[in-house]
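Right, one structure below, let's go through it.
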Amino acid sequence: MWPHHAETAHAAEIREFLEGRAPEPLAVLVVADGAGELIGFAELSIRAYAEGCHTDRVAYLEGWYVVPDARDRGVGRALIAAAEAWGRSQGCVEFASDAELTNDASAAAHQAVGFIEVGRVRCFRKDLS
(Lines give C-alpha, C1' and ligand atoms only; values in the text may rest on other atoms or scores of the structure.)
Protein backbone atom coordinates (compact mmCIF):
# COMPACT_ATOMS: atom_id res chain seq x y z
CA MET A 1 0.00 0.00 0.00
CA TRP A 2 3.00 2.33 0.00
CA PRO A 3 2.69 3.73 -3.51
CA HIS A 4 6.38 4.52 -4.01
CA HIS A 5 7.79 1.16 -2.85
CA ALA A 6 7.76 -2.22 -4.52
CA GLU A 7 5.49 -4.75 -2.83
CA THR A 8 8.47 -7.00 -2.18
CA ALA A 9 10.36 -4.24 -0.37
CA HIS A 10 8.34 -4.71 2.81
CA ALA A 11 7.52 -8.42 2.51
CA ALA A 12 10.12 -9.52 5.08
CA GLU A 13 9.04 -6.83 7.56
CA ILE A 14 5.39 -7.81 7.16
CA ARG A 15 6.23 -11.47 7.68
CA GLU A 16 8.22 -10.66 10.84
CA PHE A 17 5.33 -8.59 12.19
CA LEU A 18 2.75 -11.30 11.51
CA GLU A 19 5.00 -13.90 13.13
CA GLY A 20 5.43 -11.69 16.23
CA ARG A 21 9.17 -11.21 15.65
CA ALA A 22 9.23 -7.52 14.65
CA PRO A 23 10.33 -5.03 17.32
CA GLU A 24 8.04 -2.48 15.70
CA PRO A 25 5.52 -1.48 14.74
CA LEU A 26 3.75 -2.71 17.84
CA ALA A 27 0.36 -2.58 16.14
CA VAL A 28 -1.01 -2.22 12.63
CA LEU A 29 -4.58 -1.12 12.02
CA VAL A 30 -6.15 -1.75 8.62
CA VAL A 31 -9.35 -0.70 6.88
CA ALA A 32 -11.01 -2.75 4.14
CA ASP A 33 -13.80 -1.71 1.81
CA GLY A 34 -17.04 -3.66 1.29
CA ALA A 35 -15.28 -5.98 -1.16
CA GLY A 36 -12.54 -6.84 1.33
CA GLU A 37 -9.86 -4.77 -0.41
CA LEU A 38 -7.45 -2.99 1.92
CA ILE A 39 -7.84 0.76 1.54
CA GLY A 40 -5.83 2.12 4.45
CA PHE A 41 -3.57 1.37 7.38
CA ALA A 42 -1.84 2.90 10.38
CA GLU A 43 1.39 1.55 11.90
CA LEU A 44 1.85 2.32 15.59
CA SER A 45 4.64 2.20 18.13
CA ILE A 46 5.49 3.69 21.50
CA ARG A 47 8.46 6.01 21.73
CA ALA A 48 10.37 7.21 24.77
CA TYR A 49 10.70 10.62 23.11
CA ALA A 50 8.79 12.55 20.50
CA GLU A 51 9.35 16.15 19.46
CA GLY A 52 7.11 18.53 21.41
CA CYS A 53 5.89 15.87 23.86
CA HIS A 54 6.29 15.97 27.62
CA THR A 55 6.03 12.31 28.61
CA ASP A 56 8.41 9.42 28.07
CA ARG A 57 5.80 7.02 26.72
CA VAL A 58 4.29 8.46 23.55
CA ALA A 59 2.00 6.61 21.15
CA TYR A 60 3.55 7.21 17.73
CA LEU A 61 2.05 7.07 14.27
CA GLU A 62 4.89 5.46 12.32
CA GLY A 63 2.98 5.15 9.07
CA TRP A 64 -0.44 6.22 7.81
CA TYR A 65 -1.82 5.66 4.35
CA VAL A 66 -5.19 5.72 2.63
CA VAL A 67 -5.52 4.81 -1.05
CA PRO A 68 -6.31 7.89 -3.16
CA ASP A 69 -9.81 6.72 -4.14
CA ALA A 70 -10.79 6.37 -0.46
CA ARG A 71 -9.53 9.75 0.71
CA ASP A 72 -11.90 12.45 1.95
CA ARG A 73 -14.40 9.79 3.04
CA GLY A 74 -13.43 9.50 6.74
CA VAL A 75 -11.11 6.50 6.38
CA GLY A 76 -8.03 8.35 7.62
CA ARG A 77 -10.00 9.95 10.45
CA ALA A 78 -11.31 6.52 11.53
CA LEU A 79 -7.78 5.10 11.52
CA ILE A 80 -6.54 7.96 13.69
CA ALA A 81 -9.45 7.56 16.13
CA ALA A 82 -8.63 3.84 16.45
CA ALA A 83 -4.92 4.66 16.83
CA GLU A 84 -5.71 7.13 19.61
CA ALA A 85 -7.79 4.49 21.39
CA TRP A 86 -4.88 2.05 21.03
CA GLY A 87 -2.50 4.62 22.52
CA ARG A 88 -4.81 5.21 25.49
CA SER A 89 -5.08 1.44 26.02
CA GLN A 90 -1.26 1.36 26.23
CA GLY A 91 -1.26 3.99 28.98
CA CYS A 92 -0.14 6.85 26.74
CA VAL A 93 -1.43 10.38 27.19
CA GLU A 94 0.25 11.85 24.10
CA PHE A 95 0.15 10.89 20.42
CA ALA A 96 2.77 12.05 17.94
CA SER A 97 3.73 11.67 14.30
CA ASP A 98 5.93 13.20 11.64
CA ALA A 99 5.92 13.99 7.94
CA GLU A 100 8.57 14.92 5.41
CA LEU A 101 9.09 18.68 5.17
CA THR A 102 7.91 18.68 1.56
CA ASN A 103 4.81 16.51 2.14
CA ASP A 104 2.15 19.21 2.35
CA ALA A 105 -0.69 16.70 1.84
CA SER A 106 0.43 14.72 4.88
CA ALA A 107 0.79 17.87 6.97
CA ALA A 108 -2.74 18.94 6.00
CA ALA A 109 -4.13 15.47 6.80
CA HIS A 110 -2.43 15.49 10.22
CA GLN A 111 -3.83 18.93 10.99
CA ALA A 112 -7.30 17.88 9.82
CA VAL A 113 -7.42 15.17 12.50
CA GLY A 114 -6.18 17.43 15.29
CA PHE A 115 -2.41 17.18 15.26
CA ILE A 116 -0.55 20.41 15.99
CA GLU A 117 2.77 21.09 14.28
CA VAL A 118 5.43 21.47 16.98
CA GLY A 119 8.58 21.88 14.92
CA ARG A 120 10.48 21.19 11.76
CA VAL A 121 13.58 19.03 11.66
CA ARG A 122 16.18 18.30 9.04
CA CYS A 123 18.02 15.05 9.81
CA PHE A 124 21.58 14.20 8.81
CA ARG A 125 23.75 11.10 8.81
CA LYS A 126 27.35 10.25 8.04
CA ASP A 127 29.10 6.92 7.46
CA LEU A 128 31.84 6.23 9.95
CA SER A 129 33.65 3.65 7.84
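Ligands are numbered from 1 in the order shown, chains are lettered A, B, ... in the order of the C-alpha coordinates, and residues start at 1 in each chain.
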
> Can you tell me, as JSON, numbers by chain, what residues are no more than 10 Å from segment 54-62 of chain A when counting only C-alpha atoms, ignoring any on the same chain fewer than 3 positions away?
Replying inline: {"A": [24, 25, 26, 27, 28, 42, 43, 44, 45, 46, 47, 48, 49, 50, 51, 80, 83, 84, 86, 87, 88, 90, 91, 92, 93, 94, 95, 96, 97, 98, 99]}

Any chance you could export the current selection's N, CA and C atoms as a CSV table (one decimal), in the first residue's frame?
```csv
chain,number,residue,atom,x,y,z
A,24,GLU,N,9.1,-3.5,16.0
A,24,GLU,CA,8.0,-2.5,15.7
A,24,GLU,C,7.6,-2.6,14.2
A,25,PRO,N,6.5,-2.1,13.9
A,25,PRO,CA,5.5,-1.5,14.7
A,25,PRO,C,4.9,-2.5,15.8
A,26,LEU,N,4.4,-1.9,16.8
A,26,LEU,CA,3.7,-2.7,17.8
A,26,LEU,C,2.3,-3.1,17.4
A,27,ALA,N,1.7,-2.3,16.6
A,27,ALA,CA,0.4,-2.6,16.1
A,27,ALA,C,0.2,-2.0,14.7
A,28,VAL,N,-0.6,-2.7,14.0
A,28,VAL,CA,-1.0,-2.2,12.6
A,28,VAL,C,-2.5,-2.3,12.5
A,42,ALA,N,-2.6,2.1,9.5
A,42,ALA,CA,-1.8,2.9,10.4
A,42,ALA,C,-0.9,2.0,11.1
A,43,GLU,N,0.4,2.3,11.2
A,43,GLU,CA,1.4,1.5,11.9
A,43,GLU,C,1.7,2.3,13.2
A,44,LEU,N,1.7,1.6,14.3
A,44,LEU,CA,1.9,2.3,15.6
A,44,LEU,C,3.0,1.7,16.4
A,45,SER,N,3.6,2.6,17.2
A,45,SER,CA,4.6,2.2,18.1
A,45,SER,C,4.5,3.1,19.4
A,46,ILE,N,5.4,2.8,20.3
A,46,ILE,CA,5.5,3.7,21.5
A,46,ILE,C,6.9,4.1,21.6
A,47,ARG,N,7.1,5.4,21.7
A,47,ARG,CA,8.5,6.0,21.7
A,47,ARG,C,8.7,6.6,23.1
A,48,ALA,N,10.0,6.6,23.5
A,48,ALA,CA,10.4,7.2,24.8
A,48,ALA,C,10.5,8.7,24.6
A,49,TYR,N,10.6,9.2,23.4
A,49,TYR,CA,10.7,10.6,23.1
A,49,TYR,C,10.0,10.9,21.8
A,50,ALA,N,9.3,12.0,21.8
A,50,ALA,CA,8.8,12.6,20.5
A,50,ALA,C,8.8,14.1,20.6
A,51,GLU,N,9.2,14.7,19.5
A,51,GLU,CA,9.4,16.1,19.5
A,51,GLU,C,8.1,16.8,20.0
A,80,ILE,N,-7.1,7.2,12.6
A,80,ILE,CA,-6.5,8.0,13.7
A,80,ILE,C,-7.3,7.8,15.0
A,83,ALA,N,-6.3,4.6,16.4
A,83,ALA,CA,-4.9,4.7,16.8
A,83,ALA,C,-4.9,5.4,18.2
A,84,GLU,N,-5.7,6.4,18.3
A,84,GLU,CA,-5.7,7.1,19.6
A,84,GLU,C,-6.2,6.2,20.7
A,86,TRP,N,-6.0,3.0,20.8
A,86,TRP,CA,-4.9,2.0,21.0
A,86,TRP,C,-3.9,2.7,22.0
A,87,GLY,N,-3.5,3.9,21.7
A,87,GLY,CA,-2.5,4.6,22.5
A,87,GLY,C,-3.0,4.7,24.0
A,88,ARG,N,-4.3,5.1,24.1
A,88,ARG,CA,-4.8,5.2,25.5
A,88,ARG,C,-4.8,3.9,26.2
A,90,GLN,N,-2.7,1.6,25.9
A,90,GLN,CA,-1.3,1.4,26.2
A,90,GLN,C,-0.8,2.2,27.4
A,91,GLY,N,-1.6,3.1,27.9
A,91,GLY,CA,-1.3,4.0,29.0
A,91,GLY,C,-0.6,5.3,28.5
A,92,CYS,N,-0.7,5.6,27.3
A,92,CYS,CA,-0.1,6.8,26.7
A,92,CYS,C,-1.1,8.0,26.9
A,93,VAL,N,-0.6,9.2,27.1
A,93,VAL,CA,-1.4,10.4,27.2
A,93,VAL,C,-1.1,11.4,26.1
A,94,GLU,N,-0.1,11.0,25.2
A,94,GLU,CA,0.3,11.9,24.1
A,94,GLU,C,0.4,11.0,22.9
A,95,PHE,N,0.1,11.6,21.7
A,95,PHE,CA,0.2,10.9,20.4
A,95,PHE,C,0.9,11.8,19.5
A,96,ALA,N,1.9,11.2,18.8
A,96,ALA,CA,2.8,12.1,17.9
A,96,ALA,C,3.0,11.4,16.6
A,97,SER,N,3.5,12.1,15.7
A,97,SER,CA,3.7,11.7,14.3
A,97,SER,C,4.7,12.6,13.6
A,98,ASP,N,5.1,12.3,12.4
A,98,ASP,CA,5.9,13.2,11.6
A,98,ASP,C,5.6,13.1,10.2
A,99,ALA,N,6.1,14.0,9.4
A,99,ALA,CA,5.9,14.0,7.9
A,99,ALA,C,7.1,14.7,7.3
```

> Just how far from atom CA of Val75 of chain A is atom CA of Asp104 of chain A, in Å to one decimal?
Replying inline: 18.8 Å

> Which value, in Å to one decimal, gives the distance between atom CA of Ile39 of chain A and atom CA of Gly76 of chain A?
Replying inline: 9.7 Å

> Could you pull out all residues of segment 33-101 of chain A with a DSSP call of helix (DSSP H, G or I) and give them as a PyMOL selection string?
Replying inline: chain A and resi 68-70+75-89

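Residues of segment 11-79 of chain A assigned to strand (DSSP E) by DSSP on this structure's backbone: Ala27, Val28, Leu29, Val30, Val31, Ala32, Leu38, Ile39, Gly40, Phe41, Ala42, Glu43, Leu44, Ser45, Ile46, Arg47, Val58, Ala59, Tyr60, Leu61, Glu62, Gly63, Trp64, Tyr65 and Val66 of chain A.
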
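Pairwise distance (atom CA of Gly36 of chain A, atom CA of His110 of chain A) equals 26.1 Å.
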
> Restricting the calculation to only C-alpha atoms, which member of A:Leu79, A:Val30, A:Val121, A:Cys53 is positioned closest to Ala109 of chain A?
Replying inline: A:Leu79

> Looking at only C-alpha atoms, which of A:Asp72, A:Arg21, A:Ala32, A:Asp127 is the one that sits closest to Ala108 of chain A?
Replying inline: A:Asp72
